Structure formats: C-alpha cells, structure tokens
>>> print(open('run.txt').read())   # compact mmCIF, N, CA and C atoms
# COMPACT_ATOMS: atom_id res chain seq x y z
N MET A 1 0.85 -1.17 0.00
CA MET A 1 0.00 0.00 0.00
C MET A 1 0.90 1.23 0.00
N SER A 2 0.55 2.19 -0.80
CA SER A 2 1.38 3.39 -0.92
C SER A 2 1.22 4.29 0.31
N LYS A 3 2.16 5.20 0.43
CA LYS A 3 2.16 6.11 1.57
C LYS A 3 0.94 7.03 1.55
N ASN A 4 0.52 7.48 0.36
CA ASN A 4 -0.65 8.35 0.23
C ASN A 4 -1.94 7.62 0.61
N ALA A 5 -2.04 6.35 0.23
CA ALA A 5 -3.24 5.57 0.56
C ALA A 5 -3.35 5.37 2.07
N LYS A 6 -2.22 5.10 2.74
CA LYS A 6 -2.23 4.95 4.20
C LYS A 6 -2.63 6.25 4.88
N LEU A 7 -2.11 7.37 4.38
CA LEU A 7 -2.45 8.67 4.94
C LEU A 7 -3.95 8.96 4.77
N PHE A 8 -4.48 8.66 3.57
CA PHE A 8 -5.90 8.88 3.32
C PHE A 8 -6.77 8.02 4.23
N LEU A 9 -6.42 6.73 4.39
CA LEU A 9 -7.19 5.85 5.28
C LEU A 9 -7.11 6.31 6.74
N GLY A 10 -5.97 6.79 7.16
CA GLY A 10 -5.83 7.30 8.53
C GLY A 10 -6.69 8.52 8.77
N ILE A 11 -6.69 9.46 7.83
CA ILE A 11 -7.51 10.67 7.96
C ILE A 11 -9.00 10.31 7.93
N ALA A 12 -9.39 9.35 7.06
CA ALA A 12 -10.79 8.93 7.00
C ALA A 12 -11.23 8.28 8.31
N ALA A 13 -10.36 7.47 8.90
CA ALA A 13 -10.69 6.80 10.17
C ALA A 13 -10.85 7.83 11.29
N ILE A 14 -9.95 8.80 11.35
CA ILE A 14 -10.05 9.85 12.37
C ILE A 14 -11.32 10.67 12.17
N GLY A 15 -11.64 10.98 10.92
CA GLY A 15 -12.87 11.73 10.62
C GLY A 15 -14.11 10.97 11.04
N ALA A 16 -14.13 9.66 10.81
CA ALA A 16 -15.29 8.84 11.20
C ALA A 16 -15.44 8.80 12.71
N VAL A 17 -14.33 8.68 13.43
CA VAL A 17 -14.38 8.66 14.90
C VAL A 17 -14.92 9.99 15.42
N ILE A 18 -14.44 11.10 14.89
CA ILE A 18 -14.91 12.43 15.32
C ILE A 18 -16.39 12.59 15.02
N PHE A 19 -16.83 12.13 13.84
CA PHE A 19 -18.24 12.24 13.47
C PHE A 19 -19.13 11.49 14.47
N TYR A 20 -18.79 10.25 14.79
CA TYR A 20 -19.61 9.45 15.70
C TYR A 20 -19.55 9.97 17.13
N LEU A 21 -18.41 10.49 17.54
CA LEU A 21 -18.32 11.08 18.89
C LEU A 21 -19.18 12.34 18.99
N SER A 22 -19.23 13.15 17.93
CA SER A 22 -20.06 14.36 17.97
C SER A 22 -21.54 14.00 18.00
N ARG A 23 -21.94 12.95 17.28
CA ARG A 23 -23.34 12.52 17.31
C ARG A 23 -23.71 11.97 18.68
N ALA A 24 -22.80 11.25 19.33
CA ALA A 24 -23.06 10.73 20.67
C ALA A 24 -23.17 11.87 21.66
N ALA A 25 -22.33 12.88 21.54
CA ALA A 25 -22.40 14.05 22.43
C ALA A 25 -23.72 14.79 22.22
N ALA A 26 -24.16 14.89 20.98
CA ALA A 26 -25.45 15.54 20.70
C ALA A 26 -26.59 14.74 21.30
N GLY A 27 -26.50 13.41 21.25
CA GLY A 27 -27.54 12.56 21.84
C GLY A 27 -27.63 12.74 23.34
N ARG A 28 -26.51 13.01 23.99
CA ARG A 28 -26.52 13.23 25.45
C ARG A 28 -27.20 14.56 25.80
N ARG A 29 -27.21 15.52 24.87
CA ARG A 29 -27.84 16.82 25.13
C ARG A 29 -29.33 16.83 24.78
N LEU A 30 -29.84 15.71 24.37
CA LEU A 30 -31.25 15.60 24.02
C LEU A 30 -32.10 15.62 25.28
N ASN A 31 -33.18 16.38 25.26
CA ASN A 31 -34.08 16.47 26.40
C ASN A 31 -35.46 15.98 25.95
N VAL A 32 -35.93 14.91 26.56
CA VAL A 32 -37.20 14.30 26.17
C VAL A 32 -38.14 14.27 27.37
N SER A 33 -39.40 14.66 27.14
CA SER A 33 -40.38 14.58 28.22
C SER A 33 -41.71 14.07 27.66
N PHE A 34 -42.37 13.27 28.45
CA PHE A 34 -43.72 12.78 28.15
C PHE A 34 -44.67 13.81 28.69
N PHE A 35 -45.55 14.34 27.84
CA PHE A 35 -46.39 15.42 28.36
C PHE A 35 -47.87 15.30 28.04
N GLY A 36 -48.29 14.25 27.41
CA GLY A 36 -49.72 14.22 27.14
C GLY A 36 -50.23 12.88 26.67
N LEU A 37 -51.51 12.71 26.83
CA LEU A 37 -52.20 11.50 26.42
C LEU A 37 -53.55 11.92 25.87
N LYS A 38 -53.88 11.41 24.70
CA LYS A 38 -55.16 11.75 24.09
C LYS A 38 -55.87 10.46 23.70
N LEU A 39 -57.09 10.31 24.17
CA LEU A 39 -57.89 9.13 23.86
C LEU A 39 -58.69 9.37 22.60
N GLY A 40 -58.73 8.36 21.72
CA GLY A 40 -59.52 8.44 20.50
C GLY A 40 -60.91 7.89 20.73
N ARG A 41 -61.56 7.50 19.64
CA ARG A 41 -62.90 6.93 19.72
C ARG A 41 -62.82 5.41 19.74
N PHE A 42 -63.74 4.81 20.49
CA PHE A 42 -63.80 3.35 20.53
C PHE A 42 -64.08 2.82 19.13
N THR A 43 -63.30 1.84 18.72
CA THR A 43 -63.56 1.14 17.45
C THR A 43 -63.59 -0.35 17.78
N GLY A 44 -64.77 -0.87 17.93
CA GLY A 44 -64.92 -2.27 18.33
C GLY A 44 -64.44 -2.46 19.76
N PHE A 45 -63.47 -3.34 19.94
CA PHE A 45 -62.93 -3.60 21.28
C PHE A 45 -61.59 -2.93 21.51
N SER A 46 -61.23 -1.98 20.66
CA SER A 46 -59.95 -1.29 20.86
C SER A 46 -60.18 0.21 20.98
N LEU A 47 -59.22 0.85 21.60
CA LEU A 47 -59.27 2.29 21.81
C LEU A 47 -57.91 2.86 21.41
N PRO A 48 -57.87 3.69 20.36
CA PRO A 48 -56.59 4.29 20.01
C PRO A 48 -56.22 5.38 21.03
N VAL A 49 -54.97 5.37 21.43
CA VAL A 49 -54.46 6.33 22.39
C VAL A 49 -53.22 6.98 21.78
N GLU A 50 -53.12 8.30 21.88
CA GLU A 50 -51.94 9.01 21.41
C GLU A 50 -51.10 9.44 22.61
N ALA A 51 -49.86 8.97 22.66
CA ALA A 51 -48.92 9.41 23.69
C ALA A 51 -48.04 10.47 23.05
N LYS A 52 -47.94 11.64 23.69
CA LYS A 52 -47.19 12.75 23.10
C LYS A 52 -45.90 12.99 23.88
N PHE A 53 -44.83 13.19 23.12
CA PHE A 53 -43.51 13.44 23.68
C PHE A 53 -42.98 14.75 23.13
N ARG A 54 -42.35 15.51 23.99
CA ARG A 54 -41.68 16.75 23.58
C ARG A 54 -40.19 16.46 23.55
N ILE A 55 -39.58 16.68 22.39
CA ILE A 55 -38.17 16.38 22.21
C ILE A 55 -37.44 17.67 21.88
N LEU A 56 -36.50 18.05 22.76
CA LEU A 56 -35.70 19.25 22.58
C LEU A 56 -34.30 18.86 22.17
N ASN A 57 -33.88 19.33 21.01
CA ASN A 57 -32.52 19.10 20.54
C ASN A 57 -31.79 20.43 20.58
N GLY A 58 -30.95 20.61 21.57
CA GLY A 58 -30.23 21.87 21.73
C GLY A 58 -28.87 21.87 21.08
N SER A 59 -28.56 20.87 20.28
CA SER A 59 -27.25 20.81 19.64
C SER A 59 -27.34 21.30 18.20
N ASN A 60 -26.19 21.49 17.59
CA ASN A 60 -26.13 21.93 16.19
C ASN A 60 -26.17 20.76 15.22
N THR A 61 -26.40 19.57 15.74
CA THR A 61 -26.41 18.35 14.93
C THR A 61 -27.80 17.72 14.95
N PRO A 62 -28.35 17.36 13.78
CA PRO A 62 -29.61 16.61 13.80
C PRO A 62 -29.40 15.27 14.51
N ILE A 63 -30.40 14.82 15.22
CA ILE A 63 -30.29 13.59 15.99
C ILE A 63 -31.33 12.60 15.51
N ARG A 64 -30.92 11.34 15.40
CA ARG A 64 -31.83 10.27 15.01
C ARG A 64 -32.33 9.56 16.26
N ILE A 65 -33.64 9.48 16.40
CA ILE A 65 -34.27 8.71 17.47
C ILE A 65 -34.58 7.34 16.87
N ASN A 66 -33.99 6.30 17.46
CA ASN A 66 -34.18 4.95 16.93
C ASN A 66 -35.45 4.29 17.44
N SER A 67 -35.80 4.54 18.71
CA SER A 67 -36.99 3.89 19.25
C SER A 67 -37.47 4.59 20.52
N ILE A 68 -38.77 4.45 20.77
CA ILE A 68 -39.40 4.86 22.03
C ILE A 68 -40.16 3.63 22.51
N VAL A 69 -39.77 3.11 23.67
CA VAL A 69 -40.37 1.88 24.18
C VAL A 69 -40.66 2.05 25.66
N GLY A 70 -41.84 1.63 26.10
CA GLY A 70 -42.15 1.72 27.52
C GLY A 70 -43.58 1.31 27.82
N GLN A 71 -44.01 1.65 29.02
CA GLN A 71 -45.34 1.28 29.51
C GLN A 71 -46.11 2.54 29.89
N LEU A 72 -47.40 2.55 29.62
CA LEU A 72 -48.30 3.60 30.09
C LEU A 72 -49.11 3.05 31.27
N TYR A 73 -49.10 3.81 32.35
CA TYR A 73 -49.84 3.41 33.55
C TYR A 73 -50.87 4.48 33.87
N VAL A 74 -52.03 4.05 34.32
CA VAL A 74 -53.06 4.97 34.81
C VAL A 74 -53.32 4.56 36.25
N SER A 75 -52.98 5.47 37.16
CA SER A 75 -53.13 5.24 38.60
C SER A 75 -52.51 3.91 39.04
N GLY A 76 -51.31 3.64 38.52
CA GLY A 76 -50.58 2.45 38.93
C GLY A 76 -50.92 1.18 38.18
N LYS A 77 -51.95 1.21 37.32
CA LYS A 77 -52.34 0.02 36.56
C LYS A 77 -51.91 0.19 35.11
N GLN A 78 -51.32 -0.86 34.56
CA GLN A 78 -50.82 -0.77 33.19
C GLN A 78 -51.97 -0.62 32.21
N LEU A 79 -51.87 0.44 31.39
CA LEU A 79 -52.87 0.68 30.36
C LEU A 79 -52.44 0.04 29.05
N SER A 80 -51.18 0.25 28.66
CA SER A 80 -50.72 -0.25 27.38
C SER A 80 -49.20 -0.20 27.29
N THR A 81 -48.69 -0.84 26.26
CA THR A 81 -47.26 -0.81 25.96
C THR A 81 -47.03 0.13 24.80
N VAL A 82 -46.05 1.00 24.94
CA VAL A 82 -45.67 1.92 23.87
C VAL A 82 -44.48 1.31 23.15
N SER A 83 -44.59 1.20 21.83
CA SER A 83 -43.49 0.62 21.05
C SER A 83 -43.42 1.33 19.72
N GLN A 84 -42.54 2.30 19.63
CA GLN A 84 -42.29 3.03 18.38
C GLN A 84 -40.87 2.69 17.96
N ILE A 85 -40.72 1.83 16.95
CA ILE A 85 -39.39 1.39 16.56
C ILE A 85 -38.99 1.89 15.17
N THR A 86 -39.78 2.78 14.59
CA THR A 86 -39.42 3.39 13.32
C THR A 86 -38.55 4.61 13.59
N PRO A 87 -37.32 4.63 13.10
CA PRO A 87 -36.44 5.76 13.37
C PRO A 87 -36.97 7.06 12.74
N PHE A 88 -36.70 8.18 13.40
CA PHE A 88 -37.04 9.48 12.86
C PHE A 88 -35.97 10.47 13.31
N ASP A 89 -35.86 11.58 12.57
CA ASP A 89 -34.83 12.57 12.85
C ASP A 89 -35.43 13.79 13.52
N VAL A 90 -34.67 14.35 14.46
CA VAL A 90 -35.03 15.60 15.12
C VAL A 90 -34.05 16.65 14.62
N PRO A 91 -34.54 17.71 13.97
CA PRO A 91 -33.63 18.72 13.42
C PRO A 91 -32.79 19.39 14.51
N ALA A 92 -31.67 19.95 14.10
CA ALA A 92 -30.79 20.66 15.02
C ALA A 92 -31.50 21.89 15.59
N ASN A 93 -31.22 22.19 16.85
CA ASN A 93 -31.78 23.36 17.55
C ASN A 93 -33.29 23.47 17.36
N SER A 94 -34.00 22.42 17.72
CA SER A 94 -35.45 22.43 17.52
C SER A 94 -36.20 21.88 18.72
N ASP A 95 -37.47 22.20 18.76
CA ASP A 95 -38.41 21.72 19.75
C ASP A 95 -39.49 20.97 18.97
N THR A 96 -39.56 19.65 19.13
CA THR A 96 -40.44 18.82 18.32
C THR A 96 -41.45 18.10 19.21
N ILE A 97 -42.70 18.08 18.78
CA ILE A 97 -43.73 17.28 19.44
C ILE A 97 -43.89 16.01 18.59
N TYR A 98 -43.67 14.86 19.22
CA TYR A 98 -43.77 13.60 18.50
C TYR A 98 -44.88 12.76 19.13
N THR A 99 -45.77 12.26 18.29
CA THR A 99 -46.92 11.49 18.77
C THR A 99 -46.75 10.02 18.41
N VAL A 100 -46.97 9.16 19.39
CA VAL A 100 -46.90 7.72 19.18
C VAL A 100 -48.32 7.17 19.35
N LEU A 101 -48.80 6.47 18.34
CA LEU A 101 -50.13 5.86 18.40
C LEU A 101 -50.03 4.52 19.11
N VAL A 102 -50.85 4.36 20.14
CA VAL A 102 -50.84 3.15 20.97
C VAL A 102 -52.24 2.54 20.91
N GLN A 103 -52.32 1.25 20.68
CA GLN A 103 -53.61 0.55 20.69
C GLN A 103 -53.78 -0.13 22.04
N THR A 104 -54.95 0.06 22.61
CA THR A 104 -55.24 -0.59 23.88
C THR A 104 -56.65 -1.16 23.84
N SER A 105 -56.91 -2.08 24.70
CA SER A 105 -58.22 -2.72 24.75
C SER A 105 -59.22 -1.80 25.44
N ALA A 106 -60.41 -1.71 24.88
CA ALA A 106 -61.46 -0.91 25.48
C ALA A 106 -61.86 -1.47 26.84
N LEU A 107 -61.77 -2.77 27.00
CA LEU A 107 -62.11 -3.39 28.28
C LEU A 107 -61.14 -2.97 29.38
N ASP A 108 -59.85 -2.85 29.03
CA ASP A 108 -58.87 -2.38 30.01
C ASP A 108 -59.19 -0.97 30.48
N VAL A 109 -59.56 -0.10 29.54
CA VAL A 109 -59.90 1.28 29.89
C VAL A 109 -61.13 1.32 30.78
N ILE A 110 -62.13 0.54 30.44
CA ILE A 110 -63.36 0.51 31.23
C ILE A 110 -63.06 0.01 32.65
N ASN A 111 -62.24 -1.04 32.77
CA ASN A 111 -61.89 -1.56 34.10
C ASN A 111 -61.10 -0.55 34.91
N ILE A 112 -60.19 0.18 34.30
CA ILE A 112 -59.41 1.19 35.02
C ILE A 112 -60.32 2.31 35.50
N ILE A 113 -61.22 2.78 34.65
CA ILE A 113 -62.16 3.85 35.04
C ILE A 113 -63.07 3.37 36.16
N ARG A 114 -63.55 2.14 36.05
CA ARG A 114 -64.43 1.59 37.09
C ARG A 114 -63.70 1.52 38.43
N ASP A 115 -62.43 1.06 38.41
CA ASP A 115 -61.64 0.98 39.65
C ASP A 115 -61.37 2.36 40.23
N LEU A 116 -61.12 3.35 39.37
CA LEU A 116 -60.90 4.71 39.86
C LEU A 116 -62.13 5.25 40.57
N LEU A 117 -63.29 5.02 39.97
CA LEU A 117 -64.53 5.51 40.58
C LEU A 117 -64.87 4.74 41.85
N ARG A 118 -64.65 3.44 41.85
CA ARG A 118 -65.00 2.61 42.98
C ARG A 118 -64.09 2.90 44.18
N GLN A 119 -62.79 3.04 43.94
CA GLN A 119 -61.84 3.23 45.03
C GLN A 119 -61.53 4.69 45.31
N LYS A 120 -62.13 5.59 44.55
CA LYS A 120 -61.94 7.04 44.70
C LYS A 120 -60.46 7.40 44.73
N GLN A 121 -59.71 6.83 43.75
CA GLN A 121 -58.29 7.12 43.63
C GLN A 121 -58.07 8.38 42.81
N LYS A 122 -56.87 8.94 42.96
CA LYS A 122 -56.48 10.06 42.11
C LYS A 122 -56.10 9.52 40.74
N LEU A 123 -56.37 10.32 39.71
CA LEU A 123 -56.00 9.96 38.35
C LEU A 123 -54.56 10.40 38.11
N ALA A 124 -53.70 9.48 37.75
CA ALA A 124 -52.31 9.79 37.45
C ALA A 124 -51.89 8.97 36.23
N VAL A 125 -51.45 9.65 35.17
CA VAL A 125 -50.99 8.98 33.96
C VAL A 125 -49.47 9.04 33.94
N THR A 126 -48.83 7.87 33.85
CA THR A 126 -47.37 7.79 33.93
C THR A 126 -46.83 7.03 32.72
N PHE A 127 -45.72 7.53 32.17
CA PHE A 127 -44.96 6.80 31.17
C PHE A 127 -43.64 6.39 31.79
N GLU A 128 -43.30 5.12 31.65
CA GLU A 128 -42.04 4.60 32.16
C GLU A 128 -41.38 3.81 31.04
N GLY A 129 -40.25 4.30 30.55
CA GLY A 129 -39.60 3.60 29.45
C GLY A 129 -38.28 4.22 29.07
N ASN A 130 -37.86 3.95 27.83
CA ASN A 130 -36.58 4.41 27.32
C ASN A 130 -36.73 4.96 25.91
N ILE A 131 -35.87 5.92 25.60
CA ILE A 131 -35.73 6.42 24.25
C ILE A 131 -34.30 6.13 23.83
N ASN A 132 -34.13 5.48 22.67
CA ASN A 132 -32.81 5.16 22.16
C ASN A 132 -32.46 6.17 21.08
N SER A 133 -31.38 6.90 21.31
CA SER A 133 -30.90 7.90 20.37
C SER A 133 -29.41 7.73 20.17
N THR A 134 -29.01 7.50 18.94
CA THR A 134 -27.60 7.32 18.57
C THR A 134 -26.87 6.38 19.52
N GLY A 135 -27.53 5.28 19.89
CA GLY A 135 -26.92 4.28 20.74
C GLY A 135 -26.96 4.59 22.22
N ILE A 136 -27.58 5.67 22.61
CA ILE A 136 -27.67 6.06 24.01
C ILE A 136 -29.11 5.87 24.46
N ASN A 137 -29.32 5.14 25.56
CA ASN A 137 -30.66 4.96 26.13
C ASN A 137 -30.93 6.07 27.13
N ILE A 138 -32.02 6.78 26.92
CA ILE A 138 -32.44 7.85 27.82
C ILE A 138 -33.65 7.35 28.58
N PRO A 139 -33.51 7.08 29.88
CA PRO A 139 -34.66 6.60 30.65
C PRO A 139 -35.63 7.74 30.96
N ILE A 140 -36.92 7.42 30.91
CA ILE A 140 -37.96 8.41 31.21
C ILE A 140 -38.95 7.77 32.16
N LYS A 141 -39.26 8.47 33.22
CA LYS A 141 -40.34 8.07 34.11
C LYS A 141 -41.01 9.36 34.56
N GLN A 142 -42.16 9.66 33.95
CA GLN A 142 -42.86 10.90 34.24
C GLN A 142 -44.35 10.68 34.41
N THR A 143 -44.90 11.38 35.37
CA THR A 143 -46.34 11.40 35.59
C THR A 143 -46.83 12.75 35.10
N VAL A 144 -47.83 12.74 34.21
CA VAL A 144 -48.27 13.98 33.61
C VAL A 144 -49.58 14.53 34.15
N ILE A 145 -50.45 13.68 34.60
CA ILE A 145 -51.75 14.17 35.07
C ILE A 145 -51.97 13.63 36.48
N THR A 146 -52.24 14.52 37.40
CA THR A 146 -52.62 14.10 38.73
C THR A 146 -53.83 14.92 39.13
N ILE A 147 -54.96 14.23 39.27
CA ILE A 147 -56.21 14.94 39.65
C ILE A 147 -56.75 14.29 40.90
>>> encode(input="run.txt", output="structure tokens")
Amino acid sequence: MSKNAKLFLGIAAIGAVIFYLSRAAAGRRLNVSFFGLKLGRFTGFSLPVEAKFRILNGSNTPIRINSIVGQLYVSGKQLSTVSQITPFDVPANSDTIYTVLVQTSALDVINIIRDLLRQKQKLAVTFEGNINSTGINIPIKQTVITI
C-alpha cells in the first residue's frame, strides 16, 4: 500500500471517529419529556391512544431517534405498551412534538375507570420507558396528570 493511501485511510478513520463522537455528544444533550395523552374513539374492542412526547434538541447536529419503548400506567395500573421502533430525525436546535399511536383494549380502559370511581383514587398517567438515540438509552419516568 502506498504512503498516500495509508495517509488517506488514517484521515478517513479519524474523521469517522470524530463524526460518531459528535453525534453521541449531541444525543446526550437531548431532552425528552412525556407530556400528554389523548384518547380516541372506541372502534370495536380497541381504543386508540396518542402518547405525546416533547423532544428538545439543543445541539447543532440533527439527531436520530431509533426507538421509544415503555409502559403507560393509569393510577398504577398498566394501560398499554408503547413501542415506536421506526427511526425518525429531530432537526438541530429544535423543539419537536412527537406522537406515538398506541392501541389498547377498550375493556382495560373501562376496568381502570371503574376501579378509579369505585376506590376514589387520584388519576395519574405515567410513562415509564426508554428512548434510544444514537446508541444512548435515555430513561424516562414521568407522571403527567394528577387529579
């Protein structure tokens, strides 16, 4: 291998390392919060639910979110599993609202509402899970509604 080829490969390797390190640093500056839940209309025995996430990217680099995975709880009882595994990009220096569509059983919702009314519990909606961004797992555990 010639001297120029070795030099080119060395510079390319260093450039690749710097690129991936900058993306990992940008992923660490990502701020994600669960902030809302919207119930759709009953369709047969299922109820579509929209879980909303606010994603703040304060870096100068666009960030790829690989997955959002976790559980939705209503007053301590599991409502549904959130599983968004389609990657999407968050532009640099942006505030993005991302909605994940979750399917849940109408019977589960009816049972949770019945238990809330029967036991006179407070309503609390909690998301507990992880967001994977550029190989970094960001844990989230947030309660958004307490009545």
>>> select_by_dssp(input="run.txt", residues="segment 37-128 of chain A", states="strand (DSSP E)", output="MDAnalysis selection string")
chainID A and resid 37:39 46:57 63:74 77:84 88:90 94:105 124:128
>>> residues_near_point(input="run.txt", point="(-48.2, 10.7, 23.5)", cutoff="6 Å", atoms="all atoms listed in the file", output="list in words")
Gly36, Leu37, Lys38, Glu50, Ala51, Lys52, Phe53, Tyr98, Thr99 and Val100 of chain A
>>> residues_around(input="run.txt", residues="Leu107 of chain A", least_positions_apart="3", cutoff="6.5 Å", atoms="only N, CA and C atoms", output="list of chain:residue names")
A:Phe45, A:Ser46, A:Thr104, A:Ile110, A:Asn111, A:Ile112
>>> atom_distance(input="run.txt", atom1="atom CA of Leu39 of chain A", atom2="atom C of Thr126 of chain A")
14.3 Å
>>> closest_residue(input="run.txt", among="A:Val32, A:Val74, A:Ile136, A:Leu47", to="Lys122 of chain A", atoms="all atoms listed in the file")
A:Val74
>>> residues_around(input="run.txt", residues="Asn130 of chain A", least_positions_apart="3", cutoff="8 Å", atoms="only C-alpha atoms", output="MDAnalysis selection string")
chainID A and resid 68:70 137:140
>>> residues_around(input="run.txt", residues="Ala92 of chain A", least_positions_apart="5", cutoff="5 Å", atoms="only N, CA and C atoms", output="PyMOL selection string")
chain A and resi 59-62
>>> closest_residue(input="run.txt", among="A:Gln103, A:Lys3, A:Asn66, A:Ser33", to="Val82 of chain A", atoms="only N, CA and C atoms")
A:Gln103
>>> closest_residue(input="run.txt", among="A:Ile11, A:Val102, A:Leu72, A:Leu56", to="Glu128 of chain A", atoms="all atoms listed in the file")
A:Leu72
>>> atom_distance(input="run.txt", atom1="atom C of Thr86 of chain A", atom2="atom CA of Phe42 of chain A")
26.2 Å
>>> closest_residue(input="run.txt", among="A:Ala5, A:Ser83, A:Val90, A:Gln119", to="Gln71 of chain A", atoms="all atoms listed in the file")
A:Ser83
>>> atom_distance(input="run.txt", atom1="atom C of Thr143 of chain A", atom2="atom N of Ala106 of chain A")
22.3 Å
>>> select_by_dssp(input="run.txt", residues="chain A", states="alpha helix (DSSP H)", output="PyMOL selection string")
chain A and resi 3-28+106-119
>>> closest_residue(input="run.txt", among="A:Arg41, A:Gln78, A:Ser94, A:Val125", to="Val144 of chain A", atoms="only C-alpha atoms")
A:Val125
>>> closest_residue(input="run.txt", among="A:Gln84, A:Gly76, A:Asn57, A:Ala124", to="Leu101 of chain A", atoms="all atoms listed in the file")
A:Gln84
